[in-house]
Amino acid sequence: MAKRKTQKGNDIVTIDGKNYNWSKLPDEVKSGLNHVSDLDKKIQQGQFNIEQLIGGRTFWMSKVNQDLKNETKDSTKP
């Protein structure tokens, strides 16, 4: 896991407990870290979306069951 913060005017990146100066990292490493950061954000967004989808499905299934219960009551009336 990588964390980036500014320390004494330098951009410091911590990777697996070791600190690196961002400006001294090779471009390939910077690119890789940018990909990792973007993917972490997408994973978090995906998890949030899944929570919303599950919550929405639960709501609609509950509504369907309630509507069926009401329909059953209505259909037994003369």
# chains A, B, ... in the order shown; residues from 1 in each chain; ligands from 1
call {"tool": "select_by_dssp", "arguments": {"residues": "chain A", "states": "alpha helix (DSSP H)", "output": "MDAnalysis selection string"}}
result
chainID A and resid 27:75
call {"tool": "select_by_dssp", "arguments": {"residues": "chain A", "states": "strand (DSSP E or B)", "output": "PyMOL selection string"}}
result
chain A and resi 2-7+10-15+18-21
call {"tool": "atom_distance", "arguments": {"atom1": "CA of Gly9 in chain A", "atom2": "CA of Val29 in chain A"}}
result
20.8 Å
call {"tool": "residues_around", "arguments": {"residues": "Ser37 in chain A", "least_positions_apart": "3", "cutoff": "12 Å", "atoms": "only C-alpha atoms", "output": "list in words"}}
result
Met1, Ala2, Lys3, Arg4, Val13, Lys30, Ser31, Gly32, Leu33, Asn34, Asp40, Lys41, Lys42, Ile43 and Gln44 of chain A
call {"tool": "write_last_selection", "arguments": {"atoms": "all heavy atoms", "output": "tab-separated table (two decimals), in the first residue's frame"}}
result
chain	number	residue	atom	x	y	z
A	1	MET	N	0.84	-1.17	0.00
A	1	MET	CA	0.00	0.00	0.00
A	1	MET	C	0.89	1.24	0.00
A	1	MET	O	1.92	1.28	0.64
A	1	MET	CB	-0.91	-0.02	1.22
A	1	MET	CG	-1.82	1.15	1.31
A	1	MET	SD	-3.02	0.89	2.64
A	1	MET	CE	-4.16	2.15	2.21
A	2	ALA	N	0.45	2.26	-0.73
A	2	ALA	CA	1.24	3.48	-0.84
A	2	ALA	C	0.46	4.66	-0.29
A	2	ALA	O	-0.72	4.80	-0.54
A	2	ALA	CB	1.61	3.73	-2.30
A	3	LYS	N	1.14	5.49	0.49
A	3	LYS	CA	0.56	6.72	1.00
A	3	LYS	C	1.49	7.86	0.65
A	3	LYS	O	2.72	7.73	0.77
A	3	LYS	CB	0.35	6.64	2.51
A	3	LYS	CG	-0.71	5.65	2.93
A	3	LYS	CD	-0.99	5.74	4.39
A	3	LYS	CE	-2.06	4.73	4.74
A	3	LYS	NZ	-2.53	4.87	6.09
A	4	ARG	N	0.88	8.96	0.24
A	4	ARG	CA	1.68	10.10	-0.19
A	4	ARG	C	1.36	11.31	0.68
A	4	ARG	O	0.20	11.61	0.93
A	4	ARG	CB	1.33	10.40	-1.65
A	4	ARG	CG	2.23	11.40	-2.32
A	4	ARG	CD	1.92	11.44	-3.79
A	4	ARG	NE	2.52	12.59	-4.43
A	4	ARG	CZ	2.40	12.89	-5.69
A	4	ARG	NH1	1.68	12.11	-6.48
A	4	ARG	NH2	2.98	13.95	-6.20
A	13	VAL	N	6.45	9.51	-0.42
A	13	VAL	CA	5.59	8.37	-0.66
A	13	VAL	C	6.07	7.24	0.23
A	13	VAL	O	7.26	6.93	0.27
A	13	VAL	CB	5.66	7.92	-2.14
A	13	VAL	CG1	4.76	6.73	-2.38
A	13	VAL	CG2	5.31	9.05	-3.07
A	30	LYS	N	6.29	6.12	-10.76
A	30	LYS	CA	5.24	7.13	-10.57
A	30	LYS	C	3.97	6.73	-11.32
A	30	LYS	O	2.87	6.82	-10.78
A	30	LYS	CB	5.72	8.51	-11.06
A	30	LYS	CG	6.78	9.14	-10.21
A	30	LYS	CD	7.20	10.46	-10.81
A	30	LYS	CE	8.34	11.09	-10.08
A	30	LYS	NZ	8.80	12.34	-10.69
A	31	SER	N	4.15	6.28	-12.53
A	31	SER	CA	3.00	5.84	-13.33
A	31	SER	C	2.29	4.67	-12.66
A	31	SER	O	1.05	4.64	-12.55
A	31	SER	CB	3.45	5.46	-14.74
A	31	SER	OG	2.37	4.98	-15.50
A	32	GLY	N	3.06	3.71	-12.19
A	32	GLY	CA	2.48	2.56	-11.51
A	32	GLY	C	1.73	2.96	-10.26
A	32	GLY	O	0.62	2.47	-10.00
A	33	LEU	N	2.29	3.88	-9.49
A	33	LEU	CA	1.62	4.35	-8.27
A	33	LEU	C	0.35	5.12	-8.60
A	33	LEU	O	-0.65	5.01	-7.87
A	33	LEU	CB	2.57	5.21	-7.44
A	33	LEU	CG	3.71	4.46	-6.76
A	33	LEU	CD1	4.72	5.42	-6.15
A	33	LEU	CD2	3.16	3.51	-5.71
A	34	ASN	N	0.37	5.87	-9.69
A	34	ASN	CA	-0.85	6.58	-10.12
A	34	ASN	C	-1.94	5.58	-10.50
A	34	ASN	O	-3.12	5.78	-10.20
A	34	ASN	CB	-0.55	7.54	-11.27
A	34	ASN	CG	0.19	8.78	-10.81
A	34	ASN	OD1	0.04	9.20	-9.67
A	34	ASN	ND2	0.99	9.35	-11.69
A	40	ASP	N	-7.52	2.00	-6.53
A	40	ASP	CA	-8.06	2.03	-5.17
A	40	ASP	C	-9.35	2.84	-5.12
A	40	ASP	O	-10.33	2.44	-4.49
A	40	ASP	CB	-7.04	2.61	-4.19
A	40	ASP	CG	-5.93	1.66	-3.83
A	40	ASP	OD1	-6.08	0.43	-4.07
A	40	ASP	OD2	-4.89	2.13	-3.33
A	41	LYS	N	-9.37	4.00	-5.79
A	41	LYS	CA	-10.57	4.84	-5.83
A	41	LYS	C	-11.72	4.11	-6.52
A	41	LYS	O	-12.87	4.16	-6.08
A	41	LYS	CB	-10.28	6.16	-6.54
A	41	LYS	CG	-9.38	7.09	-5.77
A	41	LYS	CD	-9.03	8.32	-6.58
A	41	LYS	CE	-7.92	9.10	-5.92
A	41	LYS	NZ	-7.38	10.16	-6.77
A	42	LYS	N	-11.41	3.42	-7.61
A	42	LYS	CA	-12.45	2.69	-8.34
A	42	LYS	C	-12.99	1.53	-7.52
A	42	LYS	O	-14.19	1.24	-7.56
A	42	LYS	CB	-11.90	2.19	-9.68
A	42	LYS	CG	-11.70	3.32	-10.67
A	42	LYS	CD	-11.09	2.84	-11.98
A	42	LYS	CE	-10.93	4.03	-12.93
A	42	LYS	NZ	-10.29	3.66	-14.18
A	43	ILE	N	-12.13	0.86	-6.78
A	43	ILE	CA	-12.58	-0.23	-5.90
A	43	ILE	C	-13.52	0.32	-4.84
A	43	ILE	O	-14.58	-0.26	-4.58
A	43	ILE	CB	-11.37	-0.96	-5.27
A	43	ILE	CG1	-10.63	-1.78	-6.34
A	43	ILE	CG2	-11.81	-1.85	-4.11
A	43	ILE	CD1	-9.27	-2.29	-5.91
A	44	GLN	N	-13.15	1.44	-4.22
A	44	GLN	CA	-14.01	2.05	-3.20
A	44	GLN	C	-15.35	2.45	-3.82
A	44	GLN	O	-16.41	2.21	-3.21
A	44	GLN	CB	-13.34	3.27	-2.59
A	44	GLN	CG	-12.20	2.93	-1.66
A	44	GLN	CD	-11.47	4.16	-1.15
A	44	GLN	OE1	-11.46	5.21	-1.79
A	44	GLN	NE2	-10.84	4.03	0.00
call {"tool": "atom_distance", "arguments": {"atom1": "CA of Glu28 in chain A", "atom2": "CA of Ile15 in chain A"}}
result
15.0 Å
call {"tool": "atom_distance", "arguments": {"atom1": "CA of Asp67 in chain A", "atom2": "CA of Leu53 in chain A"}}
result
20.9 Å
